[in-house]
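Dropping coords-v8.pdb in here (PDB, N, CA and C atoms and all ligand atoms):
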```
ATOM      1  N   MET W   1      29.078   2.679   8.865
ATOM      2  CA  MET W   1      28.637   2.573   7.474
ATOM      3  C   MET W   1      29.163   3.767   6.682
ATOM      4  N   ARG W   2      29.618   3.494   5.485
ATOM      5  CA  ARG W   2      30.022   4.585   4.605
ATOM      6  C   ARG W   2      29.712   4.194   3.166
ATOM      7  N   GLU W   3      29.168   5.138   2.423
ATOM      8  CA  GLU W   3      28.788   4.860   1.042
ATOM      9  C   GLU W   3      30.019   4.788   0.140
ATOM     10  N   ILE W   4      30.005   3.826  -0.759
ATOM     11  CA  ILE W   4      31.097   3.641  -1.703
ATOM     12  C   ILE W   4      30.684   4.065  -3.103
ATOM     13  N   PHE W   5      29.531   3.563  -3.528
ATOM     14  CA  PHE W   5      29.181   3.687  -4.931
ATOM     15  C   PHE W   5      27.675   3.566  -5.096
ATOM     16  N   GLY W   6      27.072   4.510  -5.767
ATOM     17  CA  GLY W   6      25.644   4.454  -6.028
ATOM     18  C   GLY W   6      25.363   4.509  -7.514
ATOM     19  N   SER W   7      24.379   3.742  -7.957
ATOM     20  CA  SER W   7      24.026   3.730  -9.369
ATOM     21  C   SER W   7      22.615   3.198  -9.500
ATOM     22  N   ASN W   8      21.959   3.557 -10.581
ATOM     23  CA  ASN W   8      20.658   2.946 -10.832
ATOM     24  C   ASN W   8      20.817   1.582 -11.498
ATOM     25  N   ASP W   9      22.052   1.184 -11.722
ATOM     26  CA  ASP W   9      22.330  -0.113 -12.333
ATOM     27  C   ASP W   9      22.680  -1.110 -11.224
ATOM     28  N   ILE W  10      21.691  -1.862 -10.784
ATOM     29  CA  ILE W  10      21.891  -2.794  -9.677
ATOM     30  C   ILE W  10      22.932  -3.846 -10.033
ATOM     31  N   ALA W  11      23.048  -4.186 -11.307
ATOM     32  CA  ALA W  11      24.026  -5.189 -11.710
ATOM     33  C   ALA W  11      25.447  -4.694 -11.452
ATOM     34  N   MET W  12      25.683  -3.415 -11.729
ATOM     35  CA  MET W  12      27.019  -2.865 -11.512
ATOM     36  C   MET W  12      27.322  -2.778 -10.012
ATOM     37  N   VAL W  13      26.330  -2.331  -9.247
ATOM     38  CA  VAL W  13      26.528  -2.234  -7.798
ATOM     39  C   VAL W  13      26.805  -3.622  -7.221
ATOM     40  N   GLY W  14      26.054  -4.616  -7.701
ATOM     41  CA  GLY W  14      26.259  -5.980  -7.233
ATOM     42  C   GLY W  14      27.630  -6.514  -7.609
ATOM     43  N   TYR W  15      28.091  -6.116  -8.779
ATOM     44  CA  TYR W  15      29.405  -6.545  -9.239
ATOM     45  C   TYR W  15      30.501  -5.975  -8.333
ATOM     46  N   TYR W  16      30.372  -4.699  -8.015
ATOM     47  CA  TYR W  16      31.354  -4.080  -7.125
ATOM     48  C   TYR W  16      31.310  -4.720  -5.742
ATOM     49  N   LYS W  17      30.112  -5.059  -5.288
ATOM     50  CA  LYS W  17      30.010  -5.718  -3.982
ATOM     51  C   LYS W  17      30.725  -7.069  -4.020
ATOM     52  N   SER W  18      30.602  -7.780  -5.138
ATOM     53  CA  SER W  18      31.237  -9.092  -5.238
ATOM     54  C   SER W  18      32.761  -8.966  -5.136
ATOM     55  N   ILE W  19      33.288  -7.856  -5.623
ATOM     56  CA  ILE W  19      34.733  -7.622  -5.518
ATOM     57  C   ILE W  19      35.130  -7.428  -4.048
ATOM     58  N   LEU W  20      34.319  -6.651  -3.331
ATOM     59  CA  LEU W  20      34.605  -6.447  -1.904
ATOM     60  C   LEU W  20      34.443  -7.760  -1.145
ATOM     61  N   ASP W  21      33.424  -8.530  -1.510
ATOM     62  CA  ASP W  21      33.214  -9.836  -0.863
ATOM     63  C   ASP W  21      34.454 -10.706  -1.029
ATOM     64  N   ALA W  22      35.000 -10.707  -2.248
ATOM     65  CA  ALA W  22      36.148 -11.554  -2.540
ATOM     66  C   ALA W  22      37.358 -11.147  -1.713
ATOM     67  N   GLU W  23      37.418  -9.869  -1.334
ATOM     68  CA  GLU W  23      38.539  -9.373  -0.542
ATOM     69  C   GLU W  23      38.249  -9.429   0.954
ATOM     70  N   GLY W  24      37.070  -9.915   1.298
ATOM     71  CA  GLY W  24      36.719 -10.047   2.706
ATOM     72  C   GLY W  24      36.353  -8.739   3.379
ATOM     73  N   ILE W  25      35.920  -7.755   2.589
ATOM     74  CA  ILE W  25      35.495  -6.478   3.158
ATOM     75  C   ILE W  25      33.976  -6.508   3.335
ATOM     76  N   PRO W  26      33.494  -6.424   4.573
ATOM     77  CA  PRO W  26      32.043  -6.484   4.804
ATOM     78  C   PRO W  26      31.331  -5.286   4.171
ATOM     79  N   SER W  27      30.314  -5.585   3.394
ATOM     80  CA  SER W  27      29.583  -4.516   2.732
ATOM     81  C   SER W  27      28.142  -4.961   2.517
ATOM     82  N   TYR W  28      27.323  -4.012   2.163
ATOM     83  CA  TYR W  28      25.939  -4.340   1.836
ATOM     84  C   TYR W  28      25.412  -3.313   0.844
ATOM     85  N   ILE W  29      24.286  -3.643   0.245
ATOM     86  CA  ILE W  29      23.691  -2.750  -0.742
ATOM     87  C   ILE W  29      22.424  -2.146  -0.150
ATOM     88  N   ARG W  30      22.463  -0.855   0.065
ATOM     89  CA  ARG W  30      21.280  -0.153   0.542
ATOM     90  C   ARG W  30      20.308   0.037  -0.627
ATOM     91  N   ASN W  31      19.040  -0.068  -0.361
ATOM     92  CA  ASN W  31      18.014   0.113  -1.407
ATOM     93  C   ASN W  31      18.029  -1.011  -2.435
ATOM     94  N   GLU W  32      18.625  -2.156  -2.092
ATOM     95  CA  GLU W  32      18.702  -3.238  -3.075
ATOM     96  C   GLU W  32      17.321  -3.638  -3.571
ATOM     97  N   TYR W  33      16.353  -3.614  -2.675
ATOM     98  CA  TYR W  33      15.013  -4.066  -3.052
ATOM     99  C   TYR W  33      14.129  -2.918  -3.508
ATOM    100  N   ALA W  34      14.373  -1.737  -2.970
ATOM    101  CA  ALA W  34      13.596  -0.575  -3.411
ATOM    102  C   ALA W  34      13.814  -0.329  -4.897
ATOM    103  N   ALA W  35      15.023  -0.656  -5.379
ATOM    104  CA  ALA W  35      15.348  -0.405  -6.781
ATOM    105  C   ALA W  35      14.463  -1.205  -7.721
ATOM    106  N   GLY W  36      13.907  -2.308  -7.229
ATOM    107  CA  GLY W  36      13.057  -3.128  -8.074
ATOM    108  C   GLY W  36      11.603  -2.694  -8.083
ATOM    109  N   LEU W  37      11.285  -1.694  -7.288
ATOM    110  CA  LEU W  37       9.896  -1.244  -7.205
ATOM    111  C   LEU W  37       9.714  -0.038  -8.113
ATOM    112  N   SER W  38       8.898  -0.200  -9.123
ATOM    113  CA  SER W  38       8.799   0.841 -10.145
ATOM    114  C   SER W  38       8.215   2.134  -9.582
ATOM    115  N   GLU W  39       7.453   2.044  -8.477
ATOM    116  CA  GLU W  39       6.869   3.278  -7.951
ATOM    117  C   GLU W  39       7.891   4.118  -7.184
ATOM    118  N   LEU W  40       9.033   3.510  -6.891
ATOM    119  CA  LEU W  40      10.084   4.256  -6.199
ATOM    120  C   LEU W  40      11.143   4.640  -7.225
ATOM    121  N   GLN W  41      11.173   5.905  -7.593
ATOM    122  CA  GLN W  41      12.089   6.337  -8.631
ATOM    123  C   GLN W  41      12.944   7.476  -8.119
ATOM    124  N   GLY W  42      14.087   7.636  -8.725
ATOM    125  CA  GLY W  42      14.948   8.753  -8.381
ATOM    126  C   GLY W  42      16.153   8.308  -7.586
ATOM    127  N   PRO W  43      17.149   9.173  -7.537
ATOM    128  CA  PRO W  43      18.432   8.817  -6.914
ATOM    129  C   PRO W  43      18.309   8.386  -5.455
ATOM    130  N   ALA W  44      17.314   8.900  -4.739
ATOM    131  CA  ALA W  44      17.186   8.537  -3.331
ATOM    132  C   ALA W  44      16.932   7.052  -3.172
ATOM    133  N   PHE W  45      16.444   6.408  -4.241
ATOM    134  CA  PHE W  45      16.111   4.988  -4.160
ATOM    135  C   PHE W  45      17.080   4.118  -4.948
ATOM    136  N   TYR W  46      18.104   4.729  -5.498
ATOM    137  CA  TYR W  46      19.086   3.926  -6.219
ATOM    138  C   TYR W  46      19.821   3.013  -5.240
ATOM    139  N   PRO W  47      20.205   1.829  -5.695
ATOM    140  CA  PRO W  47      21.031   0.985  -4.840
ATOM    141  C   PRO W  47      22.391   1.638  -4.593
ATOM    142  N   VAL W  48      22.838   1.552  -3.358
ATOM    143  CA  VAL W  48      24.116   2.156  -2.972
ATOM    144  C   VAL W  48      24.955   1.108  -2.247
ATOM    145  N   LEU W  49      26.136   0.894  -2.740
ATOM    146  CA  LEU W  49      27.065  -0.022  -2.083
ATOM    147  C   LEU W  49      27.721   0.698  -0.905
ATOM    148  N   CYS W  50      27.660   0.065   0.257
ATOM    149  CA  CYS W  50      28.219   0.665   1.468
ATOM    150  C   CYS W  50      29.115  -0.346   2.167
ATOM    151  N   VAL W  51      30.170   0.142   2.799
ATOM    152  CA  VAL W  51      30.963  -0.728   3.665
ATOM    153  C   VAL W  51      30.402  -0.628   5.081
ATOM    154  N   ASP W  52      30.434  -1.740   5.794
ATOM    155  CA  ASP W  52      29.899  -1.761   7.153
ATOM    156  C   ASP W  52      30.693  -0.846   8.066
ATOM    157  N   SER W  53      32.013  -0.860   7.859
ATOM    158  CA  SER W  53      32.894  -0.155   8.773
ATOM    159  C   SER W  53      33.616   0.973   8.046
ATOM    160  N   ASP W  54      33.630   2.142   8.643
ATOM    161  CA  ASP W  54      34.330   3.277   8.035
ATOM    162  C   ASP W  54      35.804   2.964   7.787
ATOM    163  N   GLU W  55      36.367   2.090   8.639
ATOM    164  CA  GLU W  55      37.796   1.784   8.495
ATOM    165  C   GLU W  55      38.081   1.031   7.191
ATOM    166  N   ASP W  56      37.052   0.402   6.617
ATOM    167  CA  ASP W  56      37.254  -0.345   5.377
ATOM    168  C   ASP W  56      37.116   0.535   4.139
ATOM    169  N   TYR W  57      36.748   1.786   4.359
ATOM    170  CA  TYR W  57      36.456   2.641   3.213
ATOM    171  C   TYR W  57      37.678   2.810   2.302
ATOM    172  N   ASP W  58      38.817   3.083   2.897
ATOM    173  CA  ASP W  58      40.010   3.325   2.084
ATOM    174  C   ASP W  58      40.400   2.087   1.278
ATOM    175  N   ALA W  59      40.302   0.919   1.924
ATOM    176  CA  ALA W  59      40.645  -0.319   1.223
ATOM    177  C   ALA W  59      39.665  -0.580   0.080
ATOM    178  N   ALA W  60      38.402  -0.302   0.336
ATOM    179  CA  ALA W  60      37.395  -0.510  -0.702
ATOM    180  C   ALA W  60      37.630   0.424  -1.880
ATOM    181  N   MET W  61      37.949   1.688  -1.571
ATOM    182  CA  MET W  61      38.188   2.642  -2.651
ATOM    183  C   MET W  61      39.462   2.295  -3.414
ATOM    184  N   ALA W  62      40.449   1.732  -2.707
ATOM    185  CA  ALA W  62      41.680   1.328  -3.382
ATOM    186  C   ALA W  62      41.401   0.210  -4.380
ATOM    187  N   LEU W  63      40.456  -0.647  -4.032
ATOM    188  CA  LEU W  63      40.087  -1.746  -4.921
ATOM    189  C   LEU W  63      39.261  -1.263  -6.103
ATOM    190  N   LEU W  64      38.281  -0.432  -5.795
ATOM    191  CA  LEU W  64      37.298  -0.060  -6.818
ATOM    192  C   LEU W  64      37.698   1.202  -7.579
ATOM    193  N   GLY W  65      38.532   2.019  -6.977
ATOM    194  CA  GLY W  65      38.926   3.269  -7.621
ATOM    195  C   GLY W  65      39.524   3.084  -9.002
ATOM    196  N   PRO W  66      40.523   2.178  -9.130
ATOM    197  CA  PRO W  66      41.124   1.988 -10.461
ATOM    198  C   PRO W  66      40.109   1.537 -11.507
ATOM    199  N   MET W  67      39.123   0.756 -11.089
ATOM    200  CA  MET W  67      38.106   0.307 -12.041
ATOM    201  C   MET W  67      37.262   1.475 -12.503
ATOM    202  N   ARG W  68      36.930   2.348 -11.549
ATOM    203  CA  ARG W  68      36.114   3.496 -11.912
ATOM    204  C   ARG W  68      36.918   4.454 -12.767
ATOM    205  N   GLU W  69      38.218   4.556 -12.486
ATOM    206  CA  GLU W  69      39.047   5.451 -13.291
ATOM    207  C   GLU W  69      39.186   4.941 -14.720
ATOM    208  N   SER W  70      39.299   3.622 -14.870
ATOM    209  CA  SER W  70      39.421   3.078 -16.219
ATOM    210  C   SER W  70      38.146   3.360 -17.007
ATOM    211  N   ALA W  71      37.011   3.345 -16.319
ATOM    212  CA  ALA W  71      35.760   3.695 -16.988
ATOM    213  C   ALA W  71      35.779   5.172 -17.375
ATOM    214  N   ALA W  72      36.344   5.994 -16.497
ATOM    215  CA  ALA W  72      36.384   7.432 -16.769
ATOM    216  C   ALA W  72      37.321   7.744 -17.928
ATOM    217  N   ASN W  73      38.349   6.893 -18.100
ATOM    218  CA  ASN W  73      39.299   7.129 -19.175
ATOM    219  C   ASN W  73      38.783   6.656 -20.524
ATOM    220  N   ASN W  74      37.709   5.896 -20.488
ATOM    221  CA  ASN W  74      37.078   5.493 -21.738
ATOM    222  C   ASN W  74      36.487   6.745 -22.391
ATOM    223  N   PRO W  75      36.893   7.058 -23.623
ATOM    224  CA  PRO W  75      36.413   8.298 -24.245
ATOM    225  C   PRO W  75      34.895   8.350 -24.408
ATOM    226  N   GLU W  76      34.268   7.191 -24.367
ATOM    227  CA  GLU W  76      32.812   7.177 -24.484
ATOM    228  C   GLU W  76      32.143   7.390 -23.128
ATOM    229  N   GLN W  77      32.946   7.382 -22.061
ATOM    230  CA  GLN W  77      32.385   7.561 -20.723
ATOM    231  C   GLN W  77      33.170   8.636 -19.990
ATOM    232  N   LYS W  78      32.850   9.875 -20.272
ATOM    233  CA  LYS W  78      33.565  10.979 -19.663
ATOM    234  C   LYS W  78      33.029  11.270 -18.265
ATOM    235  N   GLU W  79      33.890  11.866 -17.479
ATOM    236  CA  GLU W  79      33.410  12.411 -16.213
ATOM    237  C   GLU W  79      32.375  13.480 -16.516
ATOM    238  N   TRP W  80      31.382  13.582 -15.653
ATOM    239  CA  TRP W  80      30.370  14.619 -15.846
ATOM    240  C   TRP W  80      30.350  15.520 -14.618
ATOM    241  N   THR W  81      29.800  16.704 -14.815
ATOM    242  CA  THR W  81      29.770  17.694 -13.743
ATOM    243  C   THR W  81      28.364  17.799 -13.187
ATOM    244  N   CYS W  82      28.273  17.689 -11.877
ATOM    245  CA  CYS W  82      26.967  17.776 -11.222
ATOM    246  C   CYS W  82      26.356  19.160 -11.426
ATOM    247  N   PRO W  83      25.111  19.230 -11.906
ATOM    248  CA  PRO W  83      24.477  20.538 -12.126
ATOM    249  C   PRO W  83      24.082  21.218 -10.822
ATOM    250  N   ASN W  84      24.092  20.467  -9.737
ATOM    251  CA  ASN W  84      23.652  21.023  -8.454
ATOM    252  C   ASN W  84      24.823  21.574  -7.642
ATOM    253  N   CYS W  85      25.847  20.736  -7.438
ATOM    254  CA  CYS W  85      26.955  21.156  -6.565
ATOM    255  C   CYS W  85      28.248  21.376  -7.354
ATOM    256  N   HIS W  86      28.218  21.075  -8.676
ATOM    257  CA  HIS W  86      29.338  21.336  -9.584
ATOM    258  C   HIS W  86      30.586  20.518  -9.258
ATOM    259  N   GLU W  87      30.401  19.403  -8.577
ATOM    260  CA  GLU W  87      31.514  18.483  -8.390
ATOM    261  C   GLU W  87      31.680  17.655  -9.668
ATOM    262  N   GLY W  88      32.913  17.231  -9.945
ATOM    263  CA  GLY W  88      33.146  16.294 -11.035
ATOM    264  C   GLY W  88      32.771  14.894 -10.562
ATOM    265  N   VAL W  89      32.010  14.179 -11.401
ATOM    266  CA  VAL W  89      31.535  12.862 -11.012
ATOM    267  C   VAL W  89      32.058  11.829 -12.010
ATOM    268  N   PRO W  90      32.716  10.753 -11.540
ATOM    269  CA  PRO W  90      33.238   9.731 -12.459
ATOM    270  C   PRO W  90      32.126   9.136 -13.313
ATOM    271  N   ALA W  91      32.506   8.672 -14.500
ATOM    272  CA  ALA W  91      31.516   8.185 -15.451
ATOM    273  C   ALA W  91      30.715   7.014 -14.900
ATOM    274  N   GLY W  92      31.289   6.256 -13.986
ATOM    275  CA  GLY W  92      30.587   5.102 -13.453
ATOM    276  C   GLY W  92      29.410   5.450 -12.560
ATOM    277  N   PHE W  93      29.303   6.707 -12.189
ATOM    278  CA  PHE W  93      28.216   7.122 -11.314
ATOM    279  C   PHE W  93      27.045   7.645 -12.146
ATOM    280  N   ASP W  94      25.847   7.238 -11.762
ATOM    281  CA  ASP W  94      24.658   7.809 -12.386
ATOM    282  C   ASP W  94      24.037   8.872 -11.498
ATOM    283  N   VAL W  95      24.548   8.971 -10.278
ATOM    284  CA  VAL W  95      24.132  10.066  -9.399
ATOM    285  C   VAL W  95      25.399  10.702  -8.839
ATOM    286  N   CYS W  96      25.296  11.974  -8.479
ATOM    287  CA  CYS W  96      26.431  12.679  -7.898
ATOM    288  C   CYS W  96      26.838  12.015  -6.587
ATOM    289  N   TRP W  97      28.137  11.756  -6.438
ATOM    290  CA  TRP W  97      28.613  11.133  -5.209
ATOM    291  C   TRP W  97      28.493  12.084  -4.029
ATOM    292  N   ASN W  98      28.388  13.358  -4.320
ATOM    293  CA  ASN W  98      28.386  14.357  -3.247
ATOM    294  C   ASN W  98      26.977  14.674  -2.753
ATOM    295  N   CYS W  99      26.038  14.880  -3.690
ATOM    296  CA  CYS W  99      24.706  15.331  -3.273
ATOM    297  C   CYS W  99      23.591  14.445  -3.817
ATOM    298  N   GLU W 100      23.952  13.379  -4.552
ATOM    299  CA  GLU W 100      22.990  12.403  -5.053
ATOM    300  C   GLU W 100      22.028  12.963  -6.094
ATOM    301  N   THR W 101      22.412  14.074  -6.717
ATOM    302  CA  THR W 101      21.628  14.557  -7.847
ATOM    303  C   THR W 101      21.822  13.609  -9.027
ATOM    304  N   ALA W 102      20.745  13.297  -9.732
ATOM    305  CA  ALA W 102      20.838  12.387 -10.863
ATOM    306  C   ALA W 102      21.627  13.020 -12.003
ATOM    307  N   ARG W 103      22.316  12.160 -12.761
ATOM    308  CA  ARG W 103      23.035  12.629 -13.933
ATOM    309  C   ARG W 103      22.048  13.240 -14.920
ATOM    310  N   PRO W 104      22.372  14.409 -15.469
ATOM    311  CA  PRO W 104      21.434  15.054 -16.411
ATOM    312  C   PRO W 104      21.217  14.190 -17.648
ATOM    313  N   VAL W 105      19.978  14.097 -18.077
ATOM    314  CA  VAL W 105      19.661  13.275 -19.242
ATOM    315  C   VAL W 105      20.386  13.785 -20.480
ATOM    316  N   ALA W 106      20.461  15.102 -20.642
ATOM    317  CA  ALA W 106      21.120  15.678 -21.815
ATOM    318  C   ALA W 106      22.580  15.255 -21.866
ATOM    319  N   ASP W 107      23.209  15.135 -20.683
ATOM    320  CA  ASP W 107      24.603  14.737 -20.619
ATOM    321  C   ASP W 107      24.766  13.294 -21.073
ATOM    322  N   VAL W 108      23.851  12.438 -20.675
ATOM    323  CA  VAL W 108      23.901  11.033 -21.071
ATOM    324  C   VAL W 108      23.734  10.916 -22.584
ATOM    325  N   LEU W 109      22.788  11.673 -23.129
ATOM    326  CA  LEU W 109      22.479  11.573 -24.548
ATOM    327  C   LEU W 109      23.611  12.113 -25.412
ATOM    328  N   SER W 110      24.416  13.022 -24.869
ATOM    329  CA  SER W 110      25.474  13.635 -25.666
ATOM    330  C   SER W 110      26.680  12.714 -25.816
ATOM    331  N   GLN W 111      26.679  11.588 -25.135
ATOM    332  CA  GLN W 111      27.859  10.728 -25.161
ATOM    333  C   GLN W 111      27.724   9.609 -26.170
TER     334      GLN W 111
HETATM  335 ZN    ZN W 201      26.236  17.092  -6.679
END
```

This entry written out as structure tokens:
Amino acid sequence: MREIFGSNDIAMVGYYKSILDAEGIPSYIRNEYAAGLSELQGPAFYPVLCVDSDEDYDAAMALLGPMRESAANNPEQKEWTCPNCHEGVPAGFDVCWNCETARPVADVLSQ
């Protein structure tokens, strides 16, 4: 198992999974049901798209990477910097891909 993409937007995660499904890459969404429970909040409970096999990770990223980059190139959706680990995070992520820190609210509001 390897994580591909995490977001609090289950629709986006599901959309990315459908792309992997269409390419025959086995994947699943972790926390798919926890995300619907209002008492479970925070990045630890966000739905996360994962590939079953580590060997599929590169192929999955090759498929989804350009889509995430096009979102990052949208001037209204800039890359943001994680306040915890200071990694650059593509605009499509609502949590840091590295440490799962949530995107700062002030950063979202400034866009
Ligand atoms: Zn981070």

- Message: I need the residue nearest ligand ZN 201 (chain W) from this list: W:Pro83, W:Gly92, W:Gly24, W:Pro104. Use only N, CA and C atoms and all ligand atoms for the distance.
- Response: W:Pro83

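Comparing the minimum interatomic distances between Leu49 (chain W) and each of W:Glu3, W:Asp94, W:Asp9, W:Glu100, counting all atoms listed in the file, we find that W:Glu3 sits nearest.
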
- Task: Show me which residues sit within 6 Å of ligand ZN 201 (chain W) when counting all atoms listed in the file, and put them as an MDAnalysis selection string.
- Result: chainID W and resid 82:87 96:101

- Task: Run the PyMOL selection byres (((chain W and resi 48 and name CA) around 12) and not hetatm and name CA) on the file and write out the hits as JSON, numbers by chain.
- Result: {"W": [1, 2, 3, 4, 5, 6, 7, 8, 9, 10, 11, 12, 13, 14, 15, 16, 17, 27, 28, 29, 30, 31, 32, 33, 34, 35, 43, 44, 45, 46, 47, 49, 50, 51, 93, 94, 95, 96, 97, 100]}

- Item | Point-to-point distance in Å for CA of Arg103 (chain W) and CA of Ala60 (chain W) | 23.5 Å

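You will find CA of Val89 (chain W) at 12.6 Å from CA of Gly65 (chain W).
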
Please give the centre and size of the box around region 7-18 of chain W (axis-aligned, containing every atom listed in the file, 6 Å added per side), with values in Å to one decimal and written as JSON.
```
{"center_x": 26.7, "center_y": -2.7, "center_z": -8.2, "size_x": 24.1, "size_y": 24.8, "size_z": 20.4}
```

- For the atom pair atom C of Met67 (chain W) and atom N of Asp54 (chain W), what is the interatomic distance in Å to one decimal place?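 Value for the atom C of Met67 (chain W)-atom N of Asp54 (chain W) distance: 21.5 Å.
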
- Message: When you count only C-alpha atoms, which of these residues is closest to Glu23 (chain W): W:Glu79, W:Gly42, W:Val105, W:Ala62?
- Response: W:Ala62
